[in-house]
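Heads up, the thing below is written out as structure tokens.
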Amino acid sequence: MASITRVRDSSGHPSTTSLYKLRIEAADLAGGSGEVDLGVALPTSGVLLRRFGRTVTPEATGATKTLDVGILTGETNEDPDGFVDGADVSAAAEHLAGGALAQTGILCVGQGLSCTPGSDDDFAELVFDLYLEVFEYRDDDQ
């Protein structure tokens, strides 16, 4: 199952910038074709500032493999390839802003996240990490 974890924050402040890591593995895409609901969501109050992708374990089976990651269809600001758009995951690589990594400035309201494999959806070994830097606003009493 895909997971999203907070790996850093600036605790103790009314507002904070947090770094989340979304891990996607081949098993998350098993049996799916088209958009796959990852079963995880963005924070409930914030703005996405930056993102950075990393193919940890490449998908070397078959032809070149690509991946889209974004906000699940049907959610507020839906955009299934809004974070990663056609990233080549057939080799270990970093995916920086621009190119395969699309938009920022997205209002986070707890939207579900999705992943869409490219035309060849036979994934067996992929591990892909997407880091999301989110400015989270909170009341002083939280």
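Letters A, B, ... go to the chains of the structure tokens in the order shown; residues in each chain start at 1; ligands are counted from 1 in the same order.
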
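The residue set within 12 Å of Val127 of chain A, counting only C-alpha atoms and dropping same-chain residues fewer than 5 places from it, reads Met1, Ala2, Ser3, Leu22, Arg23, Ile24, Glu25, Ala26, Ala27, Asp28, Leu29, Gly53, Arg54, Thr55, Val56, Thr57, Pro58, Glu59, Ala60, Leu67, Val89, Ser90, Ala91, Ala92 and Ala93 of chain A.
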
Spatial neighbours of Thr73 of chain A, 9 Å, only C-alpha atoms, chain gap at least 2 places, as a PDB file with C-alpha atoms, in the first residue's frame:
```pdb
ATOM      1  CA  GLU A  35      -5.522   5.838 -12.849  1.00  0.00           C
ATOM      2  CA  ASP A  37      -6.295   5.503  -6.208  1.00  0.00           C
ATOM      3  CA  GLY A  70      -1.271  13.711  -8.983  1.00  0.00           C
ATOM      4  CA  ILE A  71      -4.605  14.527  -7.436  1.00  0.00           C
ATOM      5  CA  GLU A  75     -11.226  15.458  -5.965  1.00  0.00           C
ATOM      6  CA  THR A  76     -10.934  19.264  -5.591  1.00  0.00           C
ATOM      7  CA  ASN A  77      -8.383  20.525  -8.170  1.00  0.00           C
ATOM      8  CA  GLU A  78      -8.271  17.059  -9.759  1.00  0.00           C
ATOM      9  CA  ASP A  79      -5.160  16.560 -11.872  1.00  0.00           C
ATOM     10  CA  PRO A  80      -3.887  12.967 -12.114  1.00  0.00           C
ATOM     11  CA  GLY A 112      -6.715  11.834  -2.475  1.00  0.00           C
ATOM     12  CA  LEU A 113      -3.661  11.025  -4.576  1.00  0.00           C
ATOM     13  CA  SER A 114      -3.415   8.789  -7.615  1.00  0.00           C
TER      14      SER A 114
END
```

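Atom pair atom CA of Val40 of chain A / atom CA of Ile4 of chain A: separated by 6.6 Å.
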
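Between Phe83 of chain A and the residues A:Ala41, A:Val47, A:Leu132, A:Ala124, the shortest atom-to-atom distance, using only C-alpha atoms, involves A:Leu132.
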
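If you measure from each of A:Glu133, A:Leu19, A:Asp122, A:Phe52 to Gly105 of chain A using only C-alpha atoms, the closest one turns out to be A:Glu133.
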
Inset, instruction - Step one, run DSSP on the backbone; step two, keep only residues of segment 2-89 of chain A assigned to helix (DSSP H, G or I); then write them as a PyMOL selection string. - result: chain A and resi 26-29

Those residues you just picked out, can you put them in a file as a compact mmCIF listing (two decimals), in the first residue's frame with C-alpha atoms?
```txt
# COMPACT_ATOMS: atom_id res chain seq x y z
CA ALA A 26 4.98 -1.85 -7.87
CA ALA A 27 2.39 -3.61 -5.69
CA ASP A 28 0.36 -0.37 -5.57
CA LEU A 29 -0.10 -0.63 -9.33
```

Inset, instruction - Please measure the separation of atom CA of Asp68 of chain A and atom CA of Asp85 of chain A, giving the value in Å to one decimal. - result: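 Result for atom CA of Asp68 of chain A versus atom CA of Asp85 of chain A: 4.7 Å, one decimal.
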
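When only C-alpha atoms are used to compute distances to Asp81 of chain A, the closest of the residues A:Cys115, A:Thr61, A:Ser18, A:Val134 turns out to be A:Cys115.
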
Inset, instruction - Among the residues of segment 12-131 of chain A, find those DSSP assigns to strand (DSSP E or B) from the backbone and print them as number ranges by chain. - result: A: 15-25, 36-41, 46-57, 66-71, 79-88, 93-95, 97-98, 101, 107-108, 112-117, 127-131

If you keep C-alpha atoms, can you produce a file of those selected residues as a PDB file, in the first residue's frame?
```pdb
ATOM      1  CA  SER A  15       2.344  27.799  10.499  1.00  0.00           C
ATOM      2  CA  THR A  16       4.902  25.294   9.365  1.00  0.00           C
ATOM      3  CA  THR A  17       6.584  24.002   6.269  1.00  0.00           C
ATOM      4  CA  SER A  18       6.538  20.209   6.204  1.00  0.00           C
ATOM      5  CA  LEU A  19       8.224  17.751   3.905  1.00  0.00           C
ATOM      6  CA  TYR A  20       6.152  14.662   3.081  1.00  0.00           C
ATOM      7  CA  LYS A  21       7.389  11.533   1.357  1.00  0.00           C
ATOM      8  CA  LEU A  22       4.919   9.608  -0.795  1.00  0.00           C
ATOM      9  CA  ARG A  23       6.252   6.103  -1.508  1.00  0.00           C
ATOM     10  CA  ILE A  24       4.813   4.226  -4.475  1.00  0.00           C
ATOM     11  CA  GLU A  25       5.741   0.589  -5.057  1.00  0.00           C
ATOM     12  CA  VAL A  36      -5.023   4.039  -9.518  1.00  0.00           C
ATOM     13  CA  ASP A  37      -6.295   5.503  -6.208  1.00  0.00           C
ATOM     14  CA  LEU A  38      -3.309   5.293  -3.835  1.00  0.00           C
ATOM     15  CA  GLY A  39      -5.469   5.451  -0.709  1.00  0.00           C
ATOM     16  CA  VAL A  40      -3.485   8.378   0.749  1.00  0.00           C
ATOM     17  CA  ALA A  41      -4.202  12.109   0.836  1.00  0.00           C
ATOM     18  CA  GLY A  46      -1.834  24.151   3.195  1.00  0.00           C
ATOM     19  CA  VAL A  47      -0.275  24.980  -0.137  1.00  0.00           C
ATOM     20  CA  LEU A  48       2.072  22.733  -2.098  1.00  0.00           C
ATOM     21  CA  LEU A  49       5.326  24.658  -2.587  1.00  0.00           C
ATOM     22  CA  ARG A  50       7.738  22.241  -4.254  1.00  0.00           C
ATOM     23  CA  ARG A  51       8.129  18.604  -5.212  1.00  0.00           C
ATOM     24  CA  PHE A  52      10.986  16.327  -6.064  1.00  0.00           C
ATOM     25  CA  GLY A  53      10.751  12.764  -7.381  1.00  0.00           C
ATOM     26  CA  ARG A  54      13.230   9.932  -7.122  1.00  0.00           C
ATOM     27  CA  THR A  55      13.188   6.516  -8.768  1.00  0.00           C
ATOM     28  CA  VAL A  56      14.712   4.413  -5.965  1.00  0.00           C
ATOM     29  CA  THR A  57      14.311   1.003  -7.613  1.00  0.00           C
ATOM     30  CA  THR A  66       6.546   5.965 -17.328  1.00  0.00           C
ATOM     31  CA  LEU A  67       4.509   7.191 -14.389  1.00  0.00           C
ATOM     32  CA  ASP A  68       2.094  10.036 -13.622  1.00  0.00           C
ATOM     33  CA  VAL A  69       1.253  11.098 -10.053  1.00  0.00           C
ATOM     34  CA  GLY A  70      -1.271  13.711  -8.983  1.00  0.00           C
ATOM     35  CA  ILE A  71      -4.605  14.527  -7.436  1.00  0.00           C
ATOM     36  CA  ASP A  79      -5.160  16.560 -11.872  1.00  0.00           C
ATOM     37  CA  PRO A  80      -3.887  12.967 -12.114  1.00  0.00           C
ATOM     38  CA  ASP A  81      -0.560  14.072 -13.628  1.00  0.00           C
ATOM     39  CA  GLY A  82      -0.227  17.347 -11.708  1.00  0.00           C
ATOM     40  CA  PHE A  83       2.865  16.351  -9.699  1.00  0.00           C
ATOM     41  CA  VAL A  84       4.633  13.932 -12.023  1.00  0.00           C
ATOM     42  CA  ASP A  85       3.855  13.810 -15.732  1.00  0.00           C
ATOM     43  CA  GLY A  86       5.382  10.973 -17.736  1.00  0.00           C
ATOM     44  CA  ALA A  87       8.485  10.414 -15.594  1.00  0.00           C
ATOM     45  CA  ASP A  88      10.710   7.664 -17.001  1.00  0.00           C
ATOM     46  CA  ALA A  93      17.022   8.919 -11.473  1.00  0.00           C
ATOM     47  CA  GLU A  94      16.050  12.132  -9.762  1.00  0.00           C
ATOM     48  CA  HIS A  95      13.141  14.057 -11.218  1.00  0.00           C
ATOM     49  CA  ALA A  97      10.982  20.598 -10.920  1.00  0.00           C
ATOM     50  CA  GLY A  98       9.925  21.240 -14.493  1.00  0.00           C
ATOM     51  CA  LEU A 101       7.241  17.345 -12.502  1.00  0.00           C
ATOM     52  CA  LEU A 107      -4.284  24.364  -2.296  1.00  0.00           C
ATOM     53  CA  CYS A 108      -4.206  21.264  -0.092  1.00  0.00           C
ATOM     54  CA  GLY A 112      -6.715  11.834  -2.475  1.00  0.00           C
ATOM     55  CA  LEU A 113      -3.661  11.025  -4.576  1.00  0.00           C
ATOM     56  CA  SER A 114      -3.415   8.789  -7.615  1.00  0.00           C
ATOM     57  CA  CYS A 115      -0.817   7.184  -9.835  1.00  0.00           C
ATOM     58  CA  THR A 116      -1.206   6.311 -13.501  1.00  0.00           C
ATOM     59  CA  PRO A 117       1.249   3.955 -15.203  1.00  0.00           C
ATOM     60  CA  VAL A 127       9.965   1.925  -5.849  1.00  0.00           C
ATOM     61  CA  PHE A 128       9.339   5.644  -6.437  1.00  0.00           C
ATOM     62  CA  ASP A 129       9.501   8.396  -3.806  1.00  0.00           C
ATOM     63  CA  LEU A 130       7.816  11.747  -4.307  1.00  0.00           C
ATOM     64  CA  TYR A 131       8.759  14.462  -1.821  1.00  0.00           C
TER      65      TYR A 131
END
```
